[in-house]
$ cat start38.csv   # CSV, C-alpha atoms
chain,number,residue,atom,x,y,z
A,23,MET,CA,0.0,0.0,0.0
A,24,ILE,CA,2.8,2.5,0.9
A,25,SER,CA,4.4,2.8,-2.5
A,26,ARG,CA,8.0,3.3,-3.5
A,27,GLU,CA,7.1,6.8,-4.5
A,28,ASP,CA,5.8,7.5,-1.0
A,29,ILE,CA,9.0,6.2,0.5
A,30,LYS,CA,11.1,8.2,-1.9
A,31,ALA,CA,9.1,11.4,-1.0
A,32,LEU,CA,9.5,10.7,2.7
A,33,ASN,CA,13.2,10.3,2.3
A,34,THR,CA,13.5,13.8,1.0
A,35,CYS,CA,12.3,15.1,4.4
A,36,ILE,CA,14.8,17.6,5.9
A,37,GLN,CA,13.4,17.1,9.5
A,38,CYS,CA,12.4,20.8,9.7
A,39,GLY,CA,9.4,20.1,11.9
A,40,THR,CA,7.0,22.3,10.0
A,41,CYS,CA,4.5,19.5,9.9
A,42,ILE,CA,4.3,19.0,13.6
A,43,GLY,CA,4.5,22.8,14.2
A,44,SER,CA,1.4,23.1,11.9
A,45,CYS,CA,-0.6,20.2,13.5
A,46,TYR,CA,-3.6,21.3,15.4
A,47,SER,CA,-4.2,17.9,16.9
A,48,GLY,CA,-0.5,17.6,17.8
A,49,ARG,CA,-0.9,20.5,20.2
A,50,PHE,CA,-3.0,18.3,22.5
A,51,THR,CA,-2.1,14.7,21.7
A,52,ALA,CA,0.8,12.4,21.1
A,53,LEU,CA,0.2,12.7,17.4
A,54,ASN,CA,3.7,13.3,16.0
A,55,THR,CA,3.2,13.2,12.2
A,56,ARG,CA,6.9,13.3,11.5
A,57,LYS,CA,7.7,10.4,13.9
A,58,ILE,CA,4.8,8.3,12.5
A,59,LEU,CA,5.8,8.9,9.0
A,60,MET,CA,9.6,8.6,9.4
A,61,LYS,CA,10.0,5.9,12.0
A,62,PHE,CA,7.1,3.6,11.1
A,63,ILE,CA,6.7,4.2,7.4
A,64,ALA,CA,9.9,5.4,5.7
A,65,LYS,CA,12.0,3.0,7.8
A,66,GLY,CA,9.6,0.2,7.3
A,67,LYS,CA,8.9,-0.6,10.9
A,68,PRO,CA,5.5,-2.0,11.6
A,69,ILE,CA,3.0,0.6,12.7
A,70,GLU,CA,2.4,-0.6,16.2
A,71,GLU,CA,-0.8,-0.2,18.0
A,72,ASN,CA,-0.6,3.6,17.9
A,73,ASP,CA,-3.8,5.4,18.8
A,74,ALA,CA,-2.3,8.7,17.9
A,75,ILE,CA,-2.6,7.9,14.2
A,76,TRP,CA,-6.4,8.3,14.7
A,77,PHE,CA,-6.0,11.8,16.1
A,78,CYS,CA,-5.3,13.4,12.6
A,79,THR,CA,-8.3,15.5,11.5
A,80,SER,CA,-6.9,15.4,7.9
A,81,CYS,CA,-6.9,19.2,7.8
A,82,TYR,CA,-3.9,19.1,5.3
A,83,ALA,CA,-2.1,22.0,7.0
A,84,CYS,CA,1.1,19.9,7.2
A,85,THR,CA,0.9,18.9,3.5
A,86,GLU,CA,0.3,22.4,2.4
A,87,ARG,CA,3.2,23.8,4.3
A,88,CYS,CA,5.8,21.0,3.8
A,89,PRO,CA,8.8,22.6,2.0
A,90,ARG,CA,9.5,19.3,0.2
A,91,ASN,CA,6.0,18.9,-1.0
A,92,ILE,CA,5.6,15.5,0.7
A,93,PRO,CA,2.0,14.4,0.6
A,94,LEU,CA,2.0,13.8,4.4
A,95,THR,CA,-1.8,13.6,5.0
A,96,ASP,CA,-2.4,11.2,2.2
A,97,ILE,CA,0.4,8.9,3.3
A,98,LEU,CA,-0.9,9.0,6.9
A,99,LEU,CA,-4.4,7.9,5.6
A,100,LYS,CA,-2.6,5.1,3.7
A,101,ALA,CA,-0.9,4.1,6.9
A,102,ARG,CA,-4.3,3.9,8.6
A,103,ARG,CA,-5.6,1.6,5.9
A,104,GLN,CA,-2.6,-0.6,6.5
A,105,LEU,CA,-3.3,-0.7,10.2
A,106,VAL,CA,-7.0,-1.5,9.6
A,107,LYS,CA,-5.9,-4.4,7.4
A,108,GLU,CA,-3.7,-5.8,10.2
A,109,LYS,CA,-5.9,-5.0,13.2
A,110,GLY,CA,-9.4,-4.5,11.9
A,111,LEU,CA,-11.7,-1.5,12.2
A,112,PRO,CA,-11.2,0.6,15.4
A,113,GLY,CA,-14.0,-0.1,17.7
A,114,ARG,CA,-15.3,3.5,17.9
A,115,LEU,CA,-15.8,3.6,14.1
A,116,ASP,CA,-17.7,0.3,14.0
A,117,LYS,CA,-21.1,1.9,14.6
A,118,ALA,CA,-20.7,4.5,11.8
A,119,PHE,CA,-19.6,1.9,9.2
A,120,LYS,CA,-22.5,-0.5,10.3
A,121,ALA,CA,-24.8,2.4,9.6
A,122,LEU,CA,-23.2,3.0,6.2
A,123,LEU,CA,-23.7,-0.6,5.3
A,124,LYS,CA,-27.3,-0.7,6.5
A,125,THR,CA,-28.6,2.8,5.4
A,126,GLY,CA,-26.1,4.2,3.0
A,127,SER,CA,-25.3,7.0,5.4
A,128,LEU,CA,-22.6,7.3,8.1
A,129,VAL,CA,-25.0,9.5,10.0
A,130,PRO,CA,-28.4,8.1,9.3
A,131,ALA,CA,-31.7,9.8,10.0
A,132,LYS,CA,-33.9,8.7,12.9
A,133,ASP,CA,-37.6,9.5,13.2
A,134,GLU,CA,-37.0,12.8,14.9
A,135,HIS,CA,-34.8,13.9,12.0
A,136,ALA,CA,-37.3,12.8,9.4
A,137,LYS,CA,-40.0,14.8,11.3
A,138,LEU,CA,-37.8,17.9,11.3
A,139,ARG,CA,-37.4,17.7,7.5
A,140,GLU,CA,-41.1,17.4,7.2
A,141,ASP,CA,-41.7,20.4,9.4
A,142,LEU,CA,-39.3,22.4,7.2
A,143,GLY,CA,-41.2,21.3,4.1
A,144,LEU,CA,-38.5,18.9,2.8
A,145,THR,CA,-38.9,15.4,1.4
A,146,LEU,CA,-36.8,12.3,2.3
A,147,TYR,CA,-34.9,11.4,-0.9
A,148,THR,CA,-31.5,9.9,-0.1
A,149,ALA,CA,-30.5,6.2,-0.5
A,150,GLN,CA,-31.6,5.6,3.1
A,151,PHE,CA,-35.2,6.2,2.0
A,152,ARG,CA,-35.1,4.5,-1.5
A,153,ASP,CA,-35.0,0.7,-1.4
A,154,ASP,CA,-33.3,0.2,-4.7
A,155,ALA,CA,-30.7,2.9,-4.1
A,156,ARG,CA,-30.0,1.7,-0.5
A,157,GLU,CA,-29.5,-1.9,-1.7
A,158,GLU,CA,-27.1,-0.7,-4.4
A,159,VAL,CA,-25.1,1.2,-1.9
A,160,SER,CA,-25.1,-1.6,0.6
A,161,LYS,CA,-23.7,-4.0,-2.0
A,162,ILE,CA,-20.8,-1.6,-2.7
A,163,VAL,CA,-20.0,-1.3,1.0
A,164,GLU,CA,-20.3,-5.1,1.5
A,165,LYS,CA,-18.0,-5.7,-1.4
A,166,HIS,CA,-15.2,-3.6,-0.1
A,167,ILE,CA,-15.4,-3.8,3.7
A,168,GLY,CA,-18.0,-6.4,4.5
A,169,GLY,CA,-15.4,-8.5,6.2
A,170,LEU,CA,-14.3,-5.7,8.5
A,171,ILE,CA,-17.7,-4.8,9.9
B,15,MET,CA,-27.9,22.3,-10.8
B,16,LYS,CA,-28.4,19.3,-8.5
B,17,PHE,CA,-28.1,19.8,-4.8
B,18,PHE,CA,-26.1,17.1,-3.0
B,19,PRO,CA,-27.2,17.1,0.7
B,20,GLY,CA,-24.8,14.6,2.3
B,21,CYS,CA,-25.6,12.9,5.6
B,22,MET,CA,-25.2,15.9,7.9
B,23,ILE,CA,-27.5,18.3,6.0
B,24,HIS,CA,-30.2,15.8,5.1
B,25,ASN,CA,-30.2,14.1,8.5
B,26,ARG,CA,-29.1,16.6,11.1
B,27,TYR,CA,-29.3,20.2,9.8
B,28,PRO,CA,-32.0,20.3,7.1
B,29,GLY,CA,-32.5,24.1,7.8
B,30,ILE,CA,-29.4,24.5,5.7
B,31,GLU,CA,-31.2,22.9,2.7
B,32,ALA,CA,-34.4,24.8,3.2
B,33,SER,CA,-32.4,28.0,3.4
B,34,LEU,CA,-30.4,27.1,0.2
B,35,TYR,CA,-33.6,26.5,-1.8
B,36,TYR,CA,-35.0,29.8,-0.6
B,37,VAL,CA,-31.8,31.7,-1.7
B,38,PHE,CA,-31.5,30.0,-5.1
B,39,ASP,CA,-35.2,30.5,-5.8
B,40,LYS,CA,-34.8,34.3,-5.1
B,41,LEU,CA,-31.6,34.3,-7.3
B,42,GLY,CA,-33.5,32.6,-10.1
B,43,ILE,CA,-31.1,29.7,-10.2
B,44,LYS,CA,-32.7,26.3,-10.8
B,45,ILE,CA,-31.8,23.7,-8.3
B,46,SER,CA,-33.3,20.3,-7.3
B,47,PRO,CA,-32.2,17.6,-4.9
B,48,LEU,CA,-30.0,14.7,-6.1
B,49,GLU,CA,-32.4,11.8,-5.4
B,50,GLY,CA,-31.1,8.4,-4.4
B,51,SER,CA,-27.7,9.8,-3.3
B,52,SER,CA,-25.8,8.2,-0.4
B,53,CYS,CA,-23.0,9.4,1.9
B,54,CYS,CA,-20.5,11.3,-0.3
B,55,PRO,CA,-18.5,9.3,1.4
B,56,ALA,CA,-16.7,11.4,4.0
B,57,PRO,CA,-13.1,11.8,2.8
B,58,GLY,CA,-11.0,11.5,5.9
B,59,VAL,CA,-12.8,8.7,7.6
B,60,VAL,CA,-13.7,6.5,4.6
B,61,LYS,CA,-10.3,6.9,3.0
B,62,SER,CA,-8.8,5.8,6.4
B,63,ILE,CA,-10.6,2.4,5.8
B,64,SER,CA,-10.8,1.8,2.1
B,65,GLU,CA,-9.9,4.0,-0.8
B,66,GLU,CA,-11.7,1.6,-3.2
B,67,LEU,CA,-14.9,2.0,-1.3
B,68,TRP,CA,-14.4,5.8,-1.2
B,69,ILE,CA,-14.0,6.1,-5.0
B,70,GLU,CA,-16.8,3.7,-5.9
B,71,LEU,CA,-19.4,5.4,-3.7
B,72,ALA,CA,-18.3,8.8,-4.8
B,73,SER,CA,-18.5,7.7,-8.5
B,74,ARG,CA,-22.0,6.4,-8.0
B,75,ASN,CA,-23.2,9.7,-6.5
B,76,LEU,CA,-21.6,11.6,-9.4
B,77,SER,CA,-23.2,9.3,-12.0
B,78,LEU,CA,-26.7,10.2,-10.7
B,79,SER,CA,-26.4,13.7,-12.2
B,80,ASP,CA,-25.7,15.1,-15.6
B,81,GLU,CA,-25.9,18.6,-14.3
B,82,ASP,CA,-23.3,20.4,-12.1
B,83,ILE,CA,-23.5,19.4,-8.5
B,84,LEU,CA,-23.8,21.9,-5.6
B,85,THR,CA,-22.8,21.1,-2.0
B,86,ALA,CA,-23.0,23.1,1.2
B,87,CYS,CA,-20.6,20.8,3.1
B,88,ASN,CA,-16.8,20.9,3.0
B,89,GLY,CA,-16.4,17.1,3.3
B,90,CYS,CA,-18.8,16.4,0.4
B,91,PHE,CA,-17.1,19.2,-1.6
B,92,THR,CA,-13.7,17.6,-1.1
B,93,THR,CA,-14.8,14.1,-1.9
B,94,LEU,CA,-17.0,14.8,-5.0
B,95,LEU,CA,-14.5,17.4,-6.4
B,96,GLU,CA,-11.6,15.0,-6.1
B,97,ALA,CA,-13.5,12.0,-7.4
B,98,SER,CA,-14.9,14.0,-10.3
B,99,SER,CA,-11.4,15.0,-11.4
B,100,LYS,CA,-10.4,11.3,-11.4
B,101,ILE,CA,-13.3,10.0,-13.4
B,102,ASN,CA,-13.9,13.1,-15.6
B,103,GLY,CA,-17.3,13.6,-14.1
B,104,VAL,CA,-19.6,16.6,-13.7
B,105,ASP,CA,-18.5,19.9,-12.2
B,106,VAL,CA,-18.7,20.1,-8.4
B,107,ARG,CA,-19.2,23.4,-6.5
B,108,HIS,CA,-19.5,24.5,-2.9
B,109,VAL,CA,-22.2,27.0,-2.3
B,110,ALA,CA,-19.9,29.6,-0.6
B,111,GLU,CA,-17.4,29.8,-3.4
B,112,PHE,CA,-20.3,29.6,-5.9
B,113,LEU,CA,-22.0,32.6,-4.4
B,114,TYR,CA,-18.7,34.5,-4.2
B,115,ARG,CA,-17.4,33.6,-7.7
B,116,GLU,CA,-20.6,33.3,-9.8
B,117,VAL,CA,-23.1,35.5,-8.1
B,118,GLY,CA,-20.7,38.1,-6.6
B,119,ILE,CA,-20.7,40.3,-3.6
B,120,GLU,CA,-22.3,43.3,-5.3
B,121,GLU,CA,-25.2,41.2,-6.5
B,122,ILE,CA,-25.7,39.7,-3.0
B,123,LYS,CA,-25.8,43.2,-1.5
B,124,LYS,CA,-28.5,44.1,-3.9
B,125,ARG,CA,-30.6,41.1,-2.9
B,126,VAL,CA,-30.5,41.8,0.8
B,127,VAL,CA,-33.9,43.1,2.1
B,128,LYS,CA,-32.9,43.0,5.8
B,129,LYS,CA,-29.3,43.7,6.9
B,130,LEU,CA,-28.1,41.7,9.9
B,131,PRO,CA,-25.9,43.9,12.0
B,132,ILE,CA,-24.4,41.2,14.2
B,133,ARG,CA,-20.9,40.4,15.2
B,134,VAL,CA,-19.7,37.0,14.0
B,135,ALA,CA,-16.7,34.8,14.2
B,136,VAL,CA,-16.3,33.1,10.8
B,137,HIS,CA,-14.9,29.6,10.6
B,138,TYR,CA,-14.1,28.3,7.1
B,139,GLY,CA,-13.4,24.7,8.0
B,140,CYS,CA,-10.2,23.1,6.7
B,141,HIS,CA,-11.7,21.2,3.8
B,142,PHE,CA,-13.2,24.3,2.2
B,143,PHE,CA,-9.8,25.5,1.2
B,144,ARG,CA,-7.4,22.6,1.5
B,145,PRO,CA,-6.1,20.8,-0.4
B,146,SER,CA,-5.8,24.3,-2.0
B,147,LYS,CA,-4.7,23.3,-5.5
B,148,SER,CA,-7.8,21.5,-6.6
B,149,LYS,CA,-10.0,24.2,-5.1
B,150,GLY,CA,-8.1,27.2,-6.4
B,151,MET,CA,-8.0,28.8,-2.9
B,152,ASP,CA,-5.6,30.5,-0.6
B,153,SER,CA,-4.1,27.7,1.5
B,154,GLU,CA,-3.5,30.0,4.6
B,155,LYS,CA,-6.0,32.8,4.9
B,156,PRO,CA,-9.0,32.8,2.6
B,157,ILE,CA,-11.2,35.9,2.6
B,158,MET,CA,-14.4,34.8,0.8
B,159,LEU,CA,-16.5,34.1,3.9
B,160,ASP,CA,-15.5,37.4,5.6
B,161,GLU,CA,-16.7,39.3,2.5
B,162,LEU,CA,-19.8,37.2,2.2
B,163,VAL,CA,-20.9,37.9,5.8
B,164,GLU,CA,-20.1,41.6,5.4
B,165,ALA,CA,-22.3,41.7,2.3
B,166,ILE,CA,-25.3,41.1,4.5
B,167,GLY,CA,-24.4,43.7,7.0
B,168,ALA,CA,-22.7,41.6,9.6
B,169,GLU,CA,-19.2,42.3,11.1
B,170,SER,CA,-16.6,39.6,10.7
B,171,VAL,CA,-14.6,39.9,13.9
B,172,SER,CA,-11.0,39.0,13.9
B,173,TYR,CA,-10.2,36.4,16.5
B,174,ARG,CA,-7.3,34.3,17.7
B,175,HIS,CA,-7.1,30.8,16.2
B,176,LYS,CA,-9.4,31.8,13.3
B,177,PHE,CA,-7.9,29.2,11.0
B,178,VAL,CA,-7.6,26.4,13.5
B,179,CYS,CA,-9.6,23.3,12.7
B,180,CYS,CA,-12.9,22.7,14.5
B,181,GLY,CA,-11.6,19.4,15.6
B,182,GLY,CA,-14.3,17.2,14.1
B,183,GLY,CA,-12.8,16.1,10.8
B,184,GLY,CA,-10.9,13.0,9.6
B,185,GLY,CA,-13.0,10.7,11.8
B,186,VAL,CA,-11.6,12.3,15.0
B,187,ARG,CA,-15.1,13.3,16.3
B,188,ALA,CA,-16.2,9.6,16.0
B,189,ALA,CA,-12.9,7.8,16.8
B,190,ALA,CA,-11.5,10.2,19.5
B,191,THR,CA,-14.1,12.5,20.8
B,192,GLU,CA,-12.0,13.9,23.6
B,193,VAL,CA,-9.3,15.0,21.1
B,194,ALA,CA,-12.0,16.7,19.0
B,195,ASN,CA,-13.2,18.5,22.1
B,196,ASP,CA,-9.7,19.6,23.2
B,197,ILE,CA,-9.3,21.4,19.9
B,198,LEU,CA,-12.8,22.8,20.1
B,199,ASN,CA,-12.1,24.0,23.7
B,200,LEU,CA,-9.1,26.1,22.4
B,201,LYS,CA,-11.2,27.5,19.5
B,202,MET,CA,-14.1,28.3,21.8
B,203,ASP,CA,-11.9,30.2,24.3
B,204,ALA,CA,-10.8,32.4,21.5
B,205,ILE,CA,-14.3,32.9,20.1
B,206,SER,CA,-15.6,33.6,23.6
B,207,ALA,CA,-13.0,36.3,24.0
B,208,ALA,CA,-14.0,38.0,20.8
B,209,GLU,CA,-17.6,38.6,22.2
B,210,VAL,CA,-19.6,37.6,19.1
B,211,ASP,CA,-23.3,36.9,18.5
B,212,ALA,CA,-22.6,33.8,16.5
B,213,ILE,CA,-20.1,31.5,14.8
B,214,VAL,CA,-20.7,31.4,11.0
B,215,VAL,CA,-19.7,28.2,9.3
B,216,ILE,CA,-20.0,26.8,5.7
B,217,CYS,CA,-19.9,23.1,6.7
B,218,PRO,CA,-22.5,21.0,8.6
B,219,LEU,CA,-19.8,18.9,10.2
B,220,CYS,CA,-18.1,22.0,11.6
B,221,LEU,CA,-21.6,23.2,12.6
B,222,HIS,CA,-22.3,19.9,14.4
B,223,GLN,CA,-18.9,20.0,16.1
B,224,PHE,CA,-19.6,23.6,17.4
B,225,ASP,CA,-23.2,22.8,18.2
B,226,VAL,CA,-23.0,19.4,19.9
B,227,GLY,CA,-19.4,19.9,21.1
B,228,GLN,CA,-20.4,22.9,23.2
B,229,ILE,CA,-23.0,20.9,25.0
B,230,GLU,CA,-20.4,18.2,25.7
B,231,LEU,CA,-17.9,20.8,26.9
B,232,ARG,CA,-20.6,22.2,29.3
B,233,GLU,CA,-21.6,18.8,30.6
B,234,GLN,CA,-18.1,17.2,30.8
B,235,ARG,CA,-15.9,20.2,31.6
B,236,GLY,CA,-18.2,22.8,33.0
B,237,GLU,CA,-17.2,25.2,30.1
B,238,ASP,CA,-20.3,27.2,29.3
B,239,TYR,CA,-19.7,29.3,26.1
B,240,ASP,CA,-23.2,29.5,24.7
B,241,VAL,CA,-22.3,30.9,21.3
B,242,PRO,CA,-24.7,29.6,18.6
B,243,ALA,CA,-23.3,28.3,15.3
B,244,ILE,CA,-25.1,28.9,12.0
B,245,HIS,CA,-24.4,28.1,8.4
B,246,TYR,CA,-23.9,31.1,6.1
B,247,ILE,CA,-26.7,30.1,3.8
B,248,GLN,CA,-29.1,30.3,6.7
B,249,LEU,CA,-28.0,33.8,7.5
B,250,LEU,CA,-28.2,34.8,3.8
B,251,ALA,CA,-31.7,33.4,3.5
B,252,ILE,CA,-32.8,35.4,6.5
B,253,ALA,CA,-31.2,38.5,5.0
B,254,MET,CA,-33.0,37.9,1.8
B,255,GLY,CA,-36.4,37.7,3.6
B,256,MET,CA,-36.9,34.2,5.0
B,257,ASP,CA,-38.6,33.8,8.3
B,258,VAL,CA,-36.0,33.0,11.1
B,259,ASP,CA,-38.3,30.1,12.1
B,260,LYS,CA,-38.0,28.5,8.7
B,261,SER,CA,-34.1,28.7,8.7
B,262,GLY,CA,-33.9,25.8,11.2
B,263,LEU,CA,-31.8,27.8,13.6
B,264,VAL,CA,-34.2,27.3,16.5
B,265,HIS,CA,-33.6,23.5,16.2
B,266,HIS,CA,-29.9,23.8,16.8
B,267,ASN,CA,-28.6,22.7,20.2
B,268,VAL,CA,-27.1,26.1,21.1
B,269,VAL,CA,-29.4,29.0,20.4
B,270,THR,CA,-29.7,32.3,22.2
B,271,ALA,CA,-32.8,34.4,22.4
B,272,GLU,CA,-30.6,37.4,21.8
B,273,LEU,CA,-29.4,36.2,18.5
B,274,VAL,CA,-32.9,35.2,17.3
B,275,GLU,CA,-34.2,38.6,18.3
B,276,LYS,CA,-31.4,40.4,16.4
B,277,LEU,CA,-32.1,38.2,13.3
B,278,ILE,CA,-35.8,38.9,13.5
B,279,GLN,CA,-35.3,42.6,13.9
B,280,GLY,CA,-32.4,43.2,11.5
B,281,GLU,CA,-32.3,46.5,9.7
B,282,ILE,CA,-34.9,46.7,7.1
B,283,MET,CA,-33.6,48.2,3.8
B,284,GLU,CA,-35.5,51.0,2.1
$ encode --input "start38.csv" --output "structure tokens"
Amino acid sequence: MISREDIKALNTCIQCGTCIGSCYSGRFTALNTRKILMKFIAKGKPIEENDAIWFCTSCYACTERCPRNIPLTDILLKARRQLVKEKGLPGRLDKAFKALLKTGSLVPAKDEHAKLREDLGLTLYTAQFRDDAREEVSKIVEKHIGGLI
Amino acid sequence: MKFFPGCMIHNRYPGIEASLYYVFDKLGIKISPLEGSSCCPAPGVVKSISEELWIELASRNLSLSDEDILTACNGCFTTLLEASSKINGVDVRHVAEFLYREVGIEEIKKRVVKKLPIRVAVHYGCHFFRPSKSKGMDSEKPIMLDELVEAIGAESVSYRHKFVCCGGGGGVRAAATEVANDILNLKMDAISAAEVDAIVVICPLCLHQFDVGQIELREQRGEDYDVPAIHYIQLLAIAMGMDVDKSGLVHHNVVTAELVEKLIQGEIME
């Protein structure tokens, strides 16, 4: 998953620290983008059970500011995918992806939300409310991540 | 154009959608909902699990329309714009940049029937302007939203941490709520110090983070900020004549009587 191009890009890092200086999440957490990317990815060490990797909000500030134009955020998302392959879906995301499978929405509508739409004069028209569309979406979700949920 | 609602607008903040139809009707721009659409899917969180799933669901949504697609959510905007460039699909626009670039500030000023002289803290949301290349935006300090709120008579107040993330994106709100709220806490301290009537956002996920996150900060940390958050399109609809009641604002978790009163009163234009 982490490609040769990614490793090549990471190896152009000059360790300036702009990425971690720009990281909003890193102000409060152990998320150290540079360390995750360099130690675990560029040097090929297994990404250990590292909760901090889930603290990235994918704001892309580090990527935008990197003087070597390393696609840091995208590589970090790839690293998450690798971790999911090894360890499965993080528990706290389980509910959202179950909802996606079942309703076609990560944040499905409940009765109260449907009622609010009605009160505002709006119809219910997403895949969650159309049997054929919902089944189509469910099949796509099942095909790619059915085994993880 | 086709309106793509995404989960958060269709299922949590439908007032954004009602307001958007009101505004586009007044502007004489034809728009109808993209029926049968699913989750966009959310870029950070779904790409964290499966890129193949992300592109296939996004492609399906894009294939439902042969017209340009309009979103009012930064996450949907990011996903559909990026997927569209990969599969050569329809054009994807975000309502804020569409209003700014296609309708224009001068035209918006002409359409205002009630100025809203309130003090606001604008929050762009990271995914409105980053990655900046595909969006043609300033990667550090965009000015579109500041100009848009000033066009309806509001004052965009400068505040510390204006461009800091709301904390909700990338799956952080779902996977690590405490971290999301740590970031929100910092942001809210700064917004509170700026003494504004409201926070103006252009993304329903940011809106949810400010709206529900403030309740959590109060219950879990005793931090009582009580600053309502509202989507720009709701404010614009009110400025163009929509009843405050119909904007959906009163259904948000954090609402102040003071803000509602100011929006009802406004400053009627001659």
$ atom_distance --input "start38.csv" --atom1 "CA of Cys21 in chain B" --atom2 "CA of Leu122 in chain A"
10.2 Å
$ atom_distance --input "start38.csv" --atom1 "CA of Val264 in chain B" --atom2 "CA of Gly126 in chain A"
28.0 Å
$ interface_residues --input "start38.csv" --of "chain B" --to "chain A" --cutoff "8 Å" --atoms "only C-alpha atoms" --output "NGL selection string"
:B and (21-22 or 24-26 or 28-29 or 32 or 47-53 or 58 or 61-64 or 66-67 or 70-71 or 140-141 or 144-146 or 153 or 178-179 or 181-186 or 188-190 or 193 or 196-197 or 260 or 262)
$ atom_distance --input "start38.csv" --atom1 "CA of Thr93 in chain B" --atom2 "CA of Glu111 in chain B"
16.0 Å
$ residues_around --input "start38.csv" --residues "range 58-61 of chain A" --least-positions-apart "5" --cutoff "10 Å" --atoms "only C-alpha atoms" --output "count of residues only"
19
$ closest_residue --input "start38.csv" --among "B:Leu159, B:Val241, B:Ala97, B:Val215" --to "Phe112 in chain B" --atoms "all atoms listed in the file"
B:Leu159
$ decode --input "start38.csv" --residues "range 202-257 of chain B" --atoms "C-alpha atoms" --output "PDB file, in the first residue's frame"
ATOM      1  CA  MET B 202     -14.123  28.344  21.827  1.00  0.00           C
ATOM      2  CA  ASP B 203     -11.874  30.161  24.342  1.00  0.00           C
ATOM      3  CA  ALA B 204     -10.770  32.417  21.497  1.00  0.00           C
ATOM      4  CA  ILE B 205     -14.276  32.890  20.090  1.00  0.00           C
ATOM      5  CA  SER B 206     -15.635  33.650  23.556  1.00  0.00           C
ATOM      6  CA  ALA B 207     -12.976  36.347  24.043  1.00  0.00           C
ATOM      7  CA  ALA B 208     -14.046  37.982  20.762  1.00  0.00           C
ATOM      8  CA  GLU B 209     -17.573  38.567  22.165  1.00  0.00           C
ATOM      9  CA  VAL B 210     -19.580  37.632  19.083  1.00  0.00           C
ATOM     10  CA  ASP B 211     -23.267  36.893  18.547  1.00  0.00           C
ATOM     11  CA  ALA B 212     -22.640  33.774  16.462  1.00  0.00           C
ATOM     12  CA  ILE B 213     -20.134  31.508  14.763  1.00  0.00           C
ATOM     13  CA  VAL B 214     -20.669  31.388  10.997  1.00  0.00           C
ATOM     14  CA  VAL B 215     -19.668  28.173   9.260  1.00  0.00           C
ATOM     15  CA  ILE B 216     -20.045  26.779   5.737  1.00  0.00           C
ATOM     16  CA  CYS B 217     -19.943  23.096   6.650  1.00  0.00           C
ATOM     17  CA  PRO B 218     -22.530  21.041   8.568  1.00  0.00           C
ATOM     18  CA  LEU B 219     -19.824  18.876  10.156  1.00  0.00           C
ATOM     19  CA  CYS B 220     -18.145  21.978  11.614  1.00  0.00           C
ATOM     20  CA  LEU B 221     -21.641  23.163  12.621  1.00  0.00           C
ATOM     21  CA  HIS B 222     -22.284  19.859  14.383  1.00  0.00           C
ATOM     22  CA  GLN B 223     -18.896  20.034  16.113  1.00  0.00           C
ATOM     23  CA  PHE B 224     -19.578  23.581  17.429  1.00  0.00           C
ATOM     24  CA  ASP B 225     -23.243  22.840  18.207  1.00  0.00           C
ATOM     25  CA  VAL B 226     -23.032  19.439  19.902  1.00  0.00           C
ATOM     26  CA  GLY B 227     -19.423  19.887  21.083  1.00  0.00           C
ATOM     27  CA  GLN B 228     -20.384  22.947  23.164  1.00  0.00           C
ATOM     28  CA  ILE B 229     -23.026  20.886  24.953  1.00  0.00           C
ATOM     29  CA  GLU B 230     -20.415  18.211  25.694  1.00  0.00           C
ATOM     30  CA  LEU B 231     -17.905  20.811  26.914  1.00  0.00           C
ATOM     31  CA  ARG B 232     -20.555  22.155  29.280  1.00  0.00           C
ATOM     32  CA  GLU B 233     -21.591  18.755  30.603  1.00  0.00           C
ATOM     33  CA  GLN B 234     -18.134  17.209  30.832  1.00  0.00           C
ATOM     34  CA  ARG B 235     -15.874  20.154  31.605  1.00  0.00           C
ATOM     35  CA  GLY B 236     -18.169  22.845  32.990  1.00  0.00           C
ATOM     36  CA  GLU B 237     -17.235  25.202  30.131  1.00  0.00           C
ATOM     37  CA  ASP B 238     -20.310  27.249  29.271  1.00  0.00           C
ATOM     38  CA  TYR B 239     -19.714  29.270  26.102  1.00  0.00           C
ATOM     39  CA  ASP B 240     -23.242  29.459  24.706  1.00  0.00           C
ATOM     40  CA  VAL B 241     -22.301  30.853  21.275  1.00  0.00           C
ATOM     41  CA  PRO B 242     -24.698  29.645  18.560  1.00  0.00           C
ATOM     42  CA  ALA B 243     -23.283  28.340  15.292  1.00  0.00           C
ATOM     43  CA  ILE B 244     -25.089  28.911  11.998  1.00  0.00           C
ATOM     44  CA  HIS B 245     -24.393  28.082   8.352  1.00  0.00           C
ATOM     45  CA  TYR B 246     -23.859  31.127   6.128  1.00  0.00           C
ATOM     46  CA  ILE B 247     -26.685  30.106   3.800  1.00  0.00           C
ATOM     47  CA  GLN B 248     -29.141  30.257   6.737  1.00  0.00           C
ATOM     48  CA  LEU B 249     -28.040  33.827   7.502  1.00  0.00           C
ATOM     49  CA  LEU B 250     -28.195  34.812   3.839  1.00  0.00           C
ATOM     50  CA  ALA B 251     -31.716  33.383   3.511  1.00  0.00           C
ATOM     51  CA  ILE B 252     -32.823  35.441   6.532  1.00  0.00           C
ATOM     52  CA  ALA B 253     -31.188  38.542   5.049  1.00  0.00           C
ATOM     53  CA  MET B 254     -33.046  37.860   1.793  1.00  0.00           C
ATOM     54  CA  GLY B 255     -36.386  37.696   3.601  1.00  0.00           C
ATOM     55  CA  MET B 256     -36.874  34.171   4.956  1.00  0.00           C
ATOM     56  CA  ASP B 257     -38.585  33.794   8.343  1.00  0.00           C
TER      57      ASP B 257
END
